[in-house]
file model22.txt (compact mmCIF, C-alpha atoms and all ligand atoms)
# COMPACT_ATOMS: atom_id res chain seq x y z
CA MET A 138 24.83 17.58 1.02
CA THR A 139 22.21 19.37 -1.10
CA ALA A 140 18.60 18.65 -0.20
CA HIS A 141 16.60 16.33 -2.44
CA ARG A 142 13.98 18.19 -4.47
CA LEU A 143 10.51 16.84 -3.64
CA VAL A 144 7.13 17.62 -5.17
CA ILE A 145 3.71 16.60 -3.86
CA VAL A 146 1.00 15.82 -6.42
CA GLY A 147 -2.51 15.82 -4.94
CA THR A 148 -3.31 18.14 -2.03
CA GLY A 149 -6.56 16.55 -0.80
CA ASN A 150 -7.49 14.80 2.45
CA SER A 151 -4.41 12.60 2.83
CA VAL A 152 -1.65 15.04 1.93
CA GLY A 153 -0.98 15.77 5.62
CA ASN A 154 0.61 12.33 6.14
CA HIS A 155 3.14 13.12 3.43
CA LEU A 156 3.78 16.67 4.55
CA LYS A 157 4.38 15.71 8.20
CA SER A 158 6.69 12.88 7.20
CA ILE A 159 8.73 15.01 4.82
CA GLU A 160 9.08 17.65 7.53
CA LYS A 161 10.51 14.98 9.88
CA LEU A 162 13.30 14.36 7.36
CA GLY A 163 14.59 17.90 7.97
CA ASP A 164 17.43 19.13 5.76
CA ARG A 165 17.48 16.01 3.60
CA THR A 166 14.55 17.30 1.56
CA GLU A 167 13.08 20.48 0.20
CA ILE A 168 9.48 20.63 -1.08
CA VAL A 169 9.92 22.75 -4.19
CA ALA A 170 6.34 22.60 -5.49
CA ALA A 171 2.89 21.05 -5.21
CA VAL A 172 0.42 20.12 -7.95
CA ASP A 173 -3.36 19.72 -7.93
CA LEU A 174 -6.02 20.00 -10.61
CA ASP A 175 -7.80 22.33 -8.18
CA ALA A 176 -5.90 25.63 -8.46
CA GLU A 177 -7.43 27.19 -5.35
CA ARG A 178 -6.65 24.14 -3.23
CA VAL A 179 -3.02 23.87 -4.29
CA GLN A 180 -2.44 27.60 -3.96
CA ALA A 181 -3.83 27.61 -0.42
CA PHE A 182 -1.77 24.52 0.45
CA CYS A 183 1.46 26.09 -0.82
CA LYS A 184 0.78 29.37 0.96
CA GLU A 185 0.03 27.66 4.25
CA ASN A 186 3.15 25.49 4.07
CA ASP A 187 5.65 27.93 2.53
CA ILE A 188 6.03 25.91 -0.66
CA PRO A 189 7.39 28.22 -3.38
CA ASN A 190 5.66 26.96 -6.55
CA TRP A 191 2.28 25.52 -7.47
CA TYR A 192 0.95 23.92 -10.66
CA THR A 193 -2.24 22.39 -12.00
CA SER A 194 -0.38 20.19 -14.51
CA VAL A 195 2.09 17.44 -13.67
CA GLY A 196 3.78 17.88 -17.08
CA GLU A 197 4.43 21.60 -16.55
CA MET A 198 5.73 20.93 -13.05
CA LEU A 199 8.13 18.22 -14.27
CA ALA A 200 9.52 20.45 -17.04
CA ALA A 201 10.11 23.36 -14.67
CA GLU A 202 11.15 21.69 -11.42
CA LYS A 203 13.00 18.48 -12.35
CA PRO A 204 12.26 16.88 -8.94
CA ASP A 205 14.26 13.98 -7.51
CA LEU A 206 11.16 12.41 -5.94
CA VAL A 207 7.46 12.97 -6.58
CA CYS A 208 4.95 11.98 -3.88
CA VAL A 209 1.70 11.00 -5.62
CA VAL A 210 -1.33 11.47 -3.35
CA THR A 211 -4.07 11.54 -5.97
CA PRO A 212 -7.05 9.18 -6.43
CA PRO A 213 -6.09 5.62 -7.44
CA ALA A 214 -7.13 5.75 -11.12
CA THR A 215 -4.55 8.50 -11.76
CA HIS A 216 -1.58 6.70 -10.16
CA ALA A 217 -0.27 4.71 -13.11
CA ASP A 218 -0.27 7.55 -15.66
CA ILE A 219 1.20 10.12 -13.26
CA SER A 220 3.90 7.67 -12.10
CA ILE A 221 4.89 6.83 -15.67
CA GLU A 222 4.96 10.51 -16.67
CA CYS A 223 7.25 11.29 -13.72
CA MET A 224 9.61 8.42 -14.52
CA GLU A 225 9.78 9.47 -18.16
CA ALA A 226 10.87 12.93 -16.97
CA GLY A 227 13.67 11.39 -14.86
CA SER A 228 12.07 11.41 -11.39
CA TRP A 229 11.53 8.67 -8.83
CA VAL A 230 8.02 8.28 -7.46
CA TYR A 231 6.55 7.51 -4.05
CA CYS A 232 2.98 6.57 -4.98
CA GLU A 233 0.02 6.05 -2.70
CA LYS A 234 -1.73 2.71 -2.47
CA PRO A 235 -3.28 1.04 -4.31
CA LEU A 236 -0.56 1.56 -6.91
CA CYS A 237 -2.76 0.54 -9.83
CA SER A 238 -5.95 -1.15 -10.91
CA SER A 239 -4.65 -4.44 -12.27
CA LEU A 240 -1.76 -6.66 -13.24
CA ALA A 241 -2.03 -5.16 -16.76
CA GLU A 242 -1.43 -1.68 -15.35
CA PHE A 243 1.30 -2.99 -13.05
CA ASP A 244 3.12 -4.50 -16.02
CA ARG A 245 2.86 -1.14 -17.84
CA ILE A 246 4.49 0.58 -14.82
CA GLN A 247 7.14 -2.12 -14.65
CA GLU A 248 7.94 -1.66 -18.37
CA ALA A 249 8.34 2.10 -17.78
CA GLN A 250 10.68 1.45 -14.85
CA GLU A 251 12.87 -0.77 -17.00
CA ARG A 252 12.81 1.68 -19.93
CA THR A 253 13.59 4.84 -17.91
CA GLY A 254 15.78 3.44 -15.13
CA GLN A 255 13.58 5.31 -12.59
CA TYR A 256 11.43 3.71 -9.89
CA VAL A 257 7.99 3.84 -8.27
CA SER A 258 7.88 2.74 -4.63
CA THR A 259 4.31 2.05 -3.41
CA VAL A 260 3.30 3.63 -0.09
CA PHE A 261 2.99 0.73 2.35
CA GLN A 262 4.18 2.36 5.55
CA TRP A 263 3.16 -0.66 7.69
CA ARG A 264 6.19 -2.59 6.43
CA PHE A 265 8.48 0.03 7.96
CA GLY A 266 7.78 -0.22 11.71
CA SER A 267 10.54 -1.60 13.95
CA ALA A 268 8.41 -4.60 15.02
CA GLY A 269 7.45 -5.47 11.43
CA LYS A 270 11.08 -5.35 10.29
CA HIS A 271 12.21 -7.46 13.26
CA ILE A 272 9.54 -10.11 12.63
CA LYS A 273 10.50 -10.29 8.94
CA LYS A 274 14.09 -11.00 10.00
CA LEU A 275 13.04 -13.65 12.53
CA ILE A 276 10.88 -15.42 9.94
CA GLN A 277 13.67 -15.35 7.36
CA GLN A 278 16.10 -16.78 9.92
CA GLY A 279 13.61 -19.52 10.87
CA ALA A 280 13.84 -18.36 14.49
CA LEU A 281 10.11 -18.91 15.14
CA GLY A 282 9.83 -22.34 13.56
CA LYS A 283 7.37 -23.14 10.79
CA PRO A 284 4.30 -20.90 10.36
CA THR A 285 1.05 -22.78 10.96
CA VAL A 286 -2.14 -20.69 11.22
CA ALA A 287 -2.80 -16.97 10.82
CA VAL A 288 -5.61 -14.42 11.05
CA CYS A 289 -5.45 -11.02 9.33
CA ASN A 290 -8.45 -8.80 10.06
CA THR A 291 -9.06 -5.22 9.01
CA LEU A 292 -12.40 -4.47 10.63
CA TRP A 293 -13.02 -0.78 10.01
CA TYR A 294 -16.08 1.43 9.71
CA ARG A 295 -16.90 3.92 6.97
CA THR A 296 -20.16 5.84 6.52
CA GLN A 297 -22.01 6.29 3.24
CA ASP A 298 -20.64 9.87 3.20
CA TYR A 299 -17.12 8.47 2.87
CA TYR A 300 -18.24 6.60 -0.24
CA ASN A 301 -20.08 9.60 -1.68
CA VAL A 302 -16.74 11.09 -2.84
CA PRO A 303 -17.03 10.67 -6.65
CA TRP A 304 -14.07 8.29 -7.10
CA ARG A 305 -14.93 5.97 -4.22
CA GLY A 306 -17.05 2.82 -4.29
CA LYS A 307 -16.49 1.97 -7.99
CA TYR A 308 -14.26 -0.62 -9.66
CA LYS A 309 -13.15 1.83 -12.32
CA THR A 310 -11.87 4.48 -9.92
CA GLU A 311 -11.28 2.80 -6.52
CA PHE A 312 -10.58 -0.71 -7.91
CA GLY A 313 -12.57 -2.41 -5.12
CA GLY A 314 -13.86 -1.91 -1.58
CA PRO A 315 -12.00 -2.33 1.74
CA THR A 316 -9.98 -5.17 0.22
CA MET A 317 -8.22 -2.65 -2.05
CA THR A 318 -8.25 0.47 0.07
CA LEU A 319 -8.43 -0.23 3.83
CA GLY A 320 -7.29 -3.82 4.43
CA ILE A 321 -4.60 -3.54 1.79
CA HIS A 322 -2.18 -2.17 4.44
CA LEU A 323 -2.40 -5.11 6.86
CA THR A 324 -2.76 -7.67 4.06
CA ASP A 325 0.37 -6.34 2.36
CA LEU A 326 2.28 -6.47 5.66
CA PHE A 327 1.07 -10.03 6.28
CA LEU A 328 1.83 -11.34 2.77
CA TRP A 329 5.25 -9.69 2.87
CA LEU A 330 6.05 -11.34 6.21
CA MET A 331 4.88 -14.79 5.06
CA ASP A 332 6.13 -14.27 1.47
CA ASP A 333 4.83 -17.44 -0.22
CA TRP A 334 1.04 -17.32 -0.66
CA GLN A 335 -0.07 -20.10 -2.98
CA ASP A 336 -3.83 -20.04 -3.41
CA VAL A 337 -6.93 -18.19 -2.27
CA ARG A 338 -10.67 -18.83 -2.10
CA ALA A 339 -12.90 -15.89 -1.17
CA ILE A 340 -16.36 -14.46 -0.81
CA ILE A 341 -17.36 -10.79 -0.96
CA GLY A 342 -20.57 -8.90 -0.20
CA THR A 343 -22.03 -5.40 -0.23
CA LEU A 344 -23.86 -5.35 3.07
CA ASP A 345 -24.60 -1.82 4.21
CA HIS A 346 -23.53 0.78 1.62
CA ASP A 347 -24.92 1.98 -1.65
CA ILE A 348 -21.78 1.19 -3.68
CA GLU A 349 -20.79 -0.97 -6.66
CA VAL A 350 -17.87 -2.67 -4.86
CA GLU A 351 -17.87 -4.87 -1.75
CA ASP A 352 -17.89 -3.55 1.80
CA ALA A 353 -16.77 -6.92 3.23
CA SER A 354 -14.53 -9.72 1.98
CA LEU A 355 -13.43 -13.00 3.55
CA ALA A 356 -10.58 -15.05 2.15
CA LEU A 357 -8.91 -18.36 2.97
CA VAL A 358 -5.27 -18.52 1.97
CA ARG A 359 -2.80 -21.37 1.73
CA PHE A 360 0.95 -20.73 1.82
CA GLY A 361 3.83 -22.63 0.25
CA SER A 362 4.99 -23.61 3.75
CA GLY A 363 1.60 -25.30 4.27
CA ALA A 364 0.40 -22.54 6.63
CA LEU A 365 -3.29 -21.61 6.49
CA ALA A 366 -4.78 -18.15 7.00
CA SER A 367 -8.00 -16.21 6.96
CA ILE A 368 -8.19 -12.58 5.87
CA VAL A 369 -11.22 -10.38 6.61
CA ASN A 370 -11.61 -6.85 5.24
CA SER A 371 -14.60 -4.75 6.25
CA SER A 372 -15.89 -1.19 6.25
CA VAL A 373 -19.03 -2.19 8.18
CA SER A 374 -17.53 -2.90 11.64
CA PRO A 375 -18.50 -0.25 14.24
CA ARG A 376 -15.86 -1.29 16.82
CA GLN A 377 -12.86 -0.81 14.61
CA GLU A 378 -9.76 -2.97 14.87
CA SER A 379 -6.78 -4.11 12.86
CA TYR A 380 -5.70 -7.51 14.14
CA LEU A 381 -2.91 -9.73 12.87
CA ARG A 382 -2.14 -13.05 14.51
CA MET A 383 0.53 -15.42 13.23
CA ASP A 384 1.12 -18.77 14.88
CA PHE A 385 4.48 -20.48 14.45
CA GLN A 386 5.74 -23.72 15.99
CA LYS A 387 7.62 -21.81 18.70
CA ALA A 388 5.53 -18.67 19.20
CA THR A 389 2.38 -16.66 18.54
CA LEU A 390 2.72 -13.06 17.38
CA GLU A 391 -0.25 -10.72 17.62
CA CYS A 392 -0.71 -7.09 16.67
CA THR A 393 -3.85 -5.27 17.84
CA THR A 394 -4.17 -1.69 16.68
CA LEU A 395 -6.09 0.56 14.29
CA TYR A 396 -4.12 2.80 11.89
CA ARG A 397 -0.50 2.31 12.94
CA TYR A 398 1.58 0.28 15.34
CA SER A 399 4.62 0.60 17.53
CA ASN A 400 6.23 -2.20 19.57
CA GLU A 401 3.66 -1.94 22.37
CA HIS A 402 0.90 -3.09 19.99
CA TRP A 403 2.60 -6.47 19.53
CA LYS A 404 2.24 -9.44 21.87
CA PHE A 405 4.63 -12.38 21.78
CA SER A 406 3.64 -15.71 23.40
CA THR A 407 5.43 -19.04 23.61
CA PRO A 408 3.87 -22.50 24.15
CA ASN A 409 2.89 -22.74 27.86
CA ASP A 410 4.66 -19.38 28.41
CA GLU A 411 8.02 -21.13 28.49
CA ASP A 412 11.31 -19.40 27.75
CA ASN A 413 12.63 -20.61 24.43
CA ASP A 414 15.13 -19.48 21.78
CA ALA A 415 12.30 -17.76 19.84
CA LEU A 416 11.56 -15.56 22.86
CA ALA A 417 15.25 -14.69 23.16
CA ALA A 418 15.29 -13.72 19.48
CA TRP A 419 12.11 -11.61 19.89
CA ASN A 420 13.67 -9.81 22.87
CA GLU A 421 16.52 -8.62 20.64
CA LEU A 422 14.07 -5.99 19.35
CA SER A 423 15.66 -2.82 20.71
CA GLU A 424 14.43 0.04 18.51
CA ASP A 425 10.85 1.27 18.68
CA PHE A 426 9.39 3.23 15.78
CA SER A 427 6.04 3.19 14.03
CA GLY A 428 5.43 2.20 10.46
CA THR A 429 5.03 5.73 9.08
CA HIS A 430 5.72 7.41 5.76
CA ASP A 431 8.92 9.14 6.95
CA VAL A 432 10.72 5.82 7.51
CA GLN A 433 9.83 4.64 4.00
CA ILE A 434 10.73 7.99 2.38
CA GLY A 435 14.02 8.00 4.32
CA GLU A 436 14.88 4.56 2.94
CA ILE A 437 13.95 5.66 -0.60
CA LEU A 438 16.33 8.62 -0.28
CA ASP A 439 19.08 6.30 1.01
CA CYS A 440 18.63 4.22 -2.15
CA LEU A 441 18.55 7.30 -4.38
CA GLU A 442 21.88 8.39 -2.91
CA ALA A 443 23.36 4.88 -3.24
CA ASN A 444 21.95 4.46 -6.78
CA GLU A 445 20.13 1.28 -5.75
CA PRO A 446 16.49 0.23 -6.31
CA PRO A 447 14.23 1.46 -3.49
CA PRO A 448 12.02 -0.82 -1.39
CA LEU A 449 8.61 -1.86 -2.68
CA VAL A 450 9.31 -2.08 -6.38
CA GLY A 451 9.10 -5.06 -8.79
CA ASP A 452 7.90 -8.32 -7.22
CA GLU A 453 7.66 -6.61 -3.82
CA ALA A 454 4.97 -4.30 -5.23
CA ARG A 455 3.36 -6.91 -7.53
CA ARG A 456 2.55 -9.42 -4.75
CA ILE A 457 -0.45 -7.51 -3.37
CA ILE A 458 -1.80 -6.60 -6.83
CA GLU A 459 -1.75 -10.25 -7.88
CA PHE A 460 -3.20 -11.39 -4.56
CA THR A 461 -6.14 -8.95 -4.63
CA ALA A 462 -6.88 -9.75 -8.30
CA SER A 463 -6.93 -13.45 -7.32
CA LEU A 464 -9.20 -12.77 -4.34
CA TYR A 465 -11.76 -10.98 -6.54
CA LYS A 466 -11.52 -13.67 -9.21
CA SER A 467 -12.18 -16.36 -6.61
CA ALA A 468 -15.12 -14.44 -5.12
CA LYS A 469 -16.70 -13.87 -8.54
CA THR A 470 -16.12 -17.31 -10.04
CA GLY A 471 -16.37 -19.52 -6.96
CA GLU A 472 -13.01 -21.08 -7.91
CA THR A 473 -9.86 -21.45 -5.85
CA VAL A 474 -7.28 -19.23 -7.57
CA LYS A 475 -3.60 -20.15 -7.54
CA ARG A 476 -0.77 -17.65 -7.64
CA GLY A 477 0.27 -17.27 -11.29
CA ASP A 478 -3.17 -18.28 -12.65
CA ILE A 479 -4.06 -14.78 -13.84
CA THR A 480 -2.42 -14.19 -17.21
CA PRO A 481 -3.21 -11.70 -20.03
CA ASP A 482 -5.94 -13.97 -21.46
CA ASP A 483 -7.90 -13.64 -18.18
CA PRO A 484 -10.37 -10.75 -17.62
CA PHE A 485 -9.10 -10.39 -14.04
CA TYR A 486 -5.68 -9.44 -15.46
CA TYR A 487 -7.36 -6.16 -16.51
CA GLY A 488 -9.21 -5.29 -13.29
CA ASN A 489 -11.05 -6.61 -10.27
CA ALA A 490 -14.46 -6.32 -11.94
CA GLY A 491 -13.29 -9.17 -14.18
CA ILE A 492 -14.26 -7.57 -17.50
CA MET A 493 -12.14 -8.08 -20.63
CA PRO A 494 -11.26 -4.66 -22.13
CA GLU A 495 -12.82 -3.75 -25.48
CA VAL A 496 -10.40 -3.24 -28.36
CA GLY A 497 -9.22 0.38 -28.12
CA ASP A 498 -9.80 0.68 -24.34
N1 LIG B 1 -1.23 5.43 3.02
C1 LIG B 1 -2.31 5.78 3.73
O1 LIG B 1 -2.37 5.53 4.94
C2 LIG B 1 -3.45 6.45 3.04
C3 LIG B 1 -4.50 7.00 3.80
C4 LIG B 1 -5.55 7.62 3.12
C5 LIG B 1 -5.54 7.71 1.73
N2 LIG B 1 -4.51 7.16 1.03
C6 LIG B 1 -4.47 7.23 -0.45
O2 LIG B 1 -4.15 8.54 -0.85
C7 LIG B 1 -4.71 8.81 -2.14
C8 LIG B 1 -5.46 10.14 -2.12
O3 LIG B 1 -6.53 10.04 -1.21
P1 LIG B 1 -7.25 11.36 -0.66
O4 LIG B 1 -8.18 10.88 0.38
O5 LIG B 1 -6.22 12.39 -0.30
O6 LIG B 1 -8.06 11.84 -1.96
P2 LIG B 1 -8.76 13.27 -2.18
O7 LIG B 1 -9.80 13.03 -3.20
O8 LIG B 1 -9.10 13.90 -0.87
O9 LIG B 1 -7.57 14.16 -2.81
C9 LIG B 1 -7.01 13.89 -4.04
C10 LIG B 1 -6.49 15.18 -4.65
O10 LIG B 1 -5.86 14.87 -5.90
C11 LIG B 1 -6.23 15.86 -6.85
N3 LIG B 1 -6.07 15.28 -8.19
C12 LIG B 1 -6.88 14.38 -8.81
N4 LIG B 1 -6.37 14.06 -10.02
C13 LIG B 1 -5.23 14.77 -10.16
C14 LIG B 1 -4.27 14.88 -11.20
N5 LIG B 1 -4.38 14.16 -12.32
N6 LIG B 1 -3.23 15.72 -11.03
C15 LIG B 1 -3.12 16.44 -9.89
N7 LIG B 1 -4.01 16.40 -8.88
C16 LIG B 1 -5.05 15.57 -9.00
C17 LIG B 1 -7.65 16.23 -6.49
O11 LIG B 1 -8.02 17.48 -7.02
C18 LIG B 1 -7.60 16.19 -4.97
O12 LIG B 1 -7.25 17.45 -4.43
C19 LIG B 1 -5.57 7.59 -2.48
O13 LIG B 1 -4.86 6.72 -3.34
C20 LIG B 1 -5.80 6.93 -1.13
O14 LIG B 1 -6.01 5.53 -1.24
C21 LIG B 1 -3.48 6.55 1.67
call {"tool": "encode", "arguments": {"input": "model22.txt", "output": "structure tokens", "more": "lines below"}}
Ligand SMILES: NC(=O)c1ccc[n+]([C@@H]2O[C@H](COP(=O)([O-])OP(=O)(O)OC[C@H]3O[C@@H](n4cnc5c(N)ncnc54)[C@H](O)[C@@H]3O)[C@@H](O)[C@H]2O)c1
result
Amino acid sequence: MTAHRLVIVGTGNSVGNHLKSIEKLGDRTEIVAAVDLDAERVQAFCKENDIPNWYTSVGEMLAAEKPDLVCVVTPPATHADISIECMEAGSWVYCEKPLCSSLAEFDRIQEAQERTGQYVSTVFQWRFGSAGKHIKKLIQQGALGKPTVAVCNTLWYRTQDYYNVPWRGKYKTEFGGPTMTLGIHLTDLFLWLMDDWQDVRAIIGTLDHDIEVEDASLALVRFGSGALASIVNSSVSPRQESYLRMDFQKATLECTTLYRYSNEHWKFSTPNDEDNDALAAWNELSEDFSGTHDVQIGEILDCLEANEPPPLVGDEARRIIEFTASLYKSAKTGETVKRGDITPDDPFYYGNAGIMPEVGD
């Protein structure tokens, strides 16, 4: 089998996650080029990692390299345009989170997918750990009983220096605070597991940073099943923790970690510690791998080879964009926002600042 031709766009702070993961895939892939607006940075990156070609323009790279898959690791405000340009040139895209600024931008990406027949899969590596996949299956099978109450906390800490990077801390370029950038991983995992969020009421605040966006958000969420949850996202929490707890009729599942999980980070409890069929189903978890980029890229390549849509496209990518837009709308209006409420006549369809675009924007 010939190796899939991969290109990395964006060789800044987070490119290492992509590089390491691609290397783990061995002969399945070949990194044929990298792109960055900063010529010195991309040249140094290619030299250090034996990548044969470098570019400062995505368009020139696409014309010359015709990649099978482009990994987009650029700042958020560039994601939609780069992804669409790649699809129009016949490439699939693996694009960093957050995929885009708004439902309006998401619908533009979706239109390009349908028009070109190519796909953008959003990077949400947390969905790809063995425990996460197993829990999804157990919930779908009803093995845990009905969900009741849940807690989803991303309590992280970021200094002002982190926000002093020009694109951070602003609605226009980062789309929001920890709700959009840090907590989006655990929130996406949680909403994917539960699937049927119905409405959200939220508050946000900027407590300890000089930024336009929030550095803390708290949300109350109701699910179609009737389950109730709270979601907290913070970049002002010195003892950092990512904590997900989901209570079901037959079991409690908890994950306590920071940036990634493997099976050991999950705790499974039954009522009064009794053996029950839910425990037996949980114990069927035999594999143990972390939710990392290589698992997601591997699945994307499987789909490319099988000519099937990859994971995390369409509704599976839209869920978190709609949820976060609804959270910001609720926080800024004081209203409870229902899934489906935000339509093109709503300023929050165009971005989390809730400002209607001017004609010509
Ligand atoms: N999945 C994760 O766990 C994870 C972790 C951290 C960051 N991220 C995401 O990765 C993305 C990049 O973050 P970062 O910290 O590496 O940013 P960064 O600012 O350190 O690097 C971005 C790079 O992209 C380049 N760039 C900007 N516009 C470009 C364009 N139009 N064409 C080509 N190159 C361009 C910049 O010159 C820079 O080198 C963000 O979306 C961030 O949210 C994801």
call {"tool": "residues_around", "arguments": {"input": "model22.txt", "residues": "Asn150 in chain A", "least_positions_apart": "3", "cutoff": "12 Å", "atoms": "all atoms listed in the file", "output": "list in words"}}
result
Gly147, Gly153, Asn154, His155, Leu156, Arg178, Phe182, Val210, Thr211, Pro212, Tyr299 and Val302 of chain A
call {"tool": "closest_residue", "arguments": {"input": "model22.txt", "among": "A:Gln262, A:Ser374, A:Gln255, A:Gln297", "to": "ligand LIG 1 (chain B)", "atoms": "all atoms listed in the file"}}
result
A:Gln262
call {"tool": "atom_distance", "arguments": {"input": "model22.txt", "atom1": "CA of Asp164 in chain A", "atom2": "CA of Ile188 in chain A"}}
result
14.7 Å
call {"tool": "residues_near_ligand", "arguments": {"input": "model22.txt", "ligand": "ligand LIG 1 (chain B)", "cutoff": "9 Å", "atoms": "only C-alpha atoms and all ligand atoms", "output": "count of residues only"}}
result
54
call {"tool": "residues_around", "arguments": {"input": "model22.txt", "residues": "range 439-451 of chain A", "least_positions_apart": "3", "cutoff": "7 Å", "atoms": "all atoms listed in the file", "output": "PDB file with C-alpha atoms, in the coordinates of the input"}}
result
ATOM      1  CA  GLN A 247       7.140  -2.120 -14.650  1.00  0.00           C
ATOM      2  CA  VAL A 257       7.990   3.840  -8.270  1.00  0.00           C
ATOM      3  CA  SER A 258       7.880   2.740  -4.630  1.00  0.00           C
ATOM      4  CA  THR A 259       4.310   2.050  -3.410  1.00  0.00           C
ATOM      5  CA  GLY A 435      14.020   8.000   4.320  1.00  0.00           C
ATOM      6  CA  GLU A 436      14.880   4.560   2.940  1.00  0.00           C
ATOM      7  CA  ALA A 454       4.970  -4.300  -5.230  1.00  0.00           C
ATOM      8  CA  ARG A 455       3.360  -6.910  -7.530  1.00  0.00           C
TER       9      ARG A 455
END
call {"tool": "residues_around", "arguments": {"input": "model22.txt", "residues": "Val358 in chain A", "least_positions_apart": "4", "cutoff": "8 Å", "atoms": "all atoms listed in the file", "output": "MDAnalysis selection string"}}
result
chainID A and resid 334:338 365:368
call {"tool": "closest_residue", "arguments": {"input": "model22.txt", "among": "A:Phe405, A:Tyr256, A:Phe243, A:Trp329", "to": "Lys274 in chain A", "atoms": "only C-alpha atoms"}}
result
A:Trp329
call {"tool": "closest_residue", "arguments": {"input": "model22.txt", "among": "A:Ser354, A:Asn400, A:Asn301, A:Thr285", "to": "Asp384 in chain A", "atoms": "only C-alpha atoms"}}
result
A:Thr285
call {"tool": "closest_residue", "arguments": {"input": "model22.txt", "among": "A:Ile492, A:Ile434, A:Leu357, A:Val286", "to": "Cys208 in chain A", "atoms": "all atoms listed in the file"}}
result
A:Ile434
call {"tool": "atom_distance", "arguments": {"input": "model22.txt", "atom1": "CA of Thr461 in chain A", "atom2": "CA of Leu330 in chain A"}}
result
16.5 Å
call {"tool": "closest_residue", "arguments": {"input": "model22.txt", "among": "A:Ser371, A:Ser399, A:Ser362, A:Gln277", "to": "Glu424 in chain A", "atoms": "only C-alpha atoms"}}
result
A:Ser399
call {"tool": "residues_around", "arguments": {"input": "model22.txt", "residues": "Lys203 in chain A", "least_positions_apart": "6", "cutoff": "8 Å", "atoms": "all atoms listed in the file", "output": "list in words"}}
result
Arg142, Ala226, Gly227 and Ser228 of chain A
call {"tool": "closest_residue", "arguments": {"input": "model22.txt", "among": "A:Asp410, A:Gly279, A:Val288, A:Arg295", "to": "Arg382 in chain A", "atoms": "all atoms listed in the file"}}
result
A:Val288
call {"tool": "atom_distance", "arguments": {"input": "model22.txt", "atom1": "CA of Thr316 in chain A", "atom2": "CA of Leu395 in chain A"}}
result
15.7 Å
call {"tool": "axis_aligned_box", "arguments": {"input": "model22.txt", "around": "range 282-289 of chain A", "padding_each_side": "8 Å", "output": "AutoDock Vina command-line options"}}
result
--center_x 2.1 --center_y -17.1 --center_z 11.4 --size_x 31.4 --size_y 28.1 --size_z 20.2
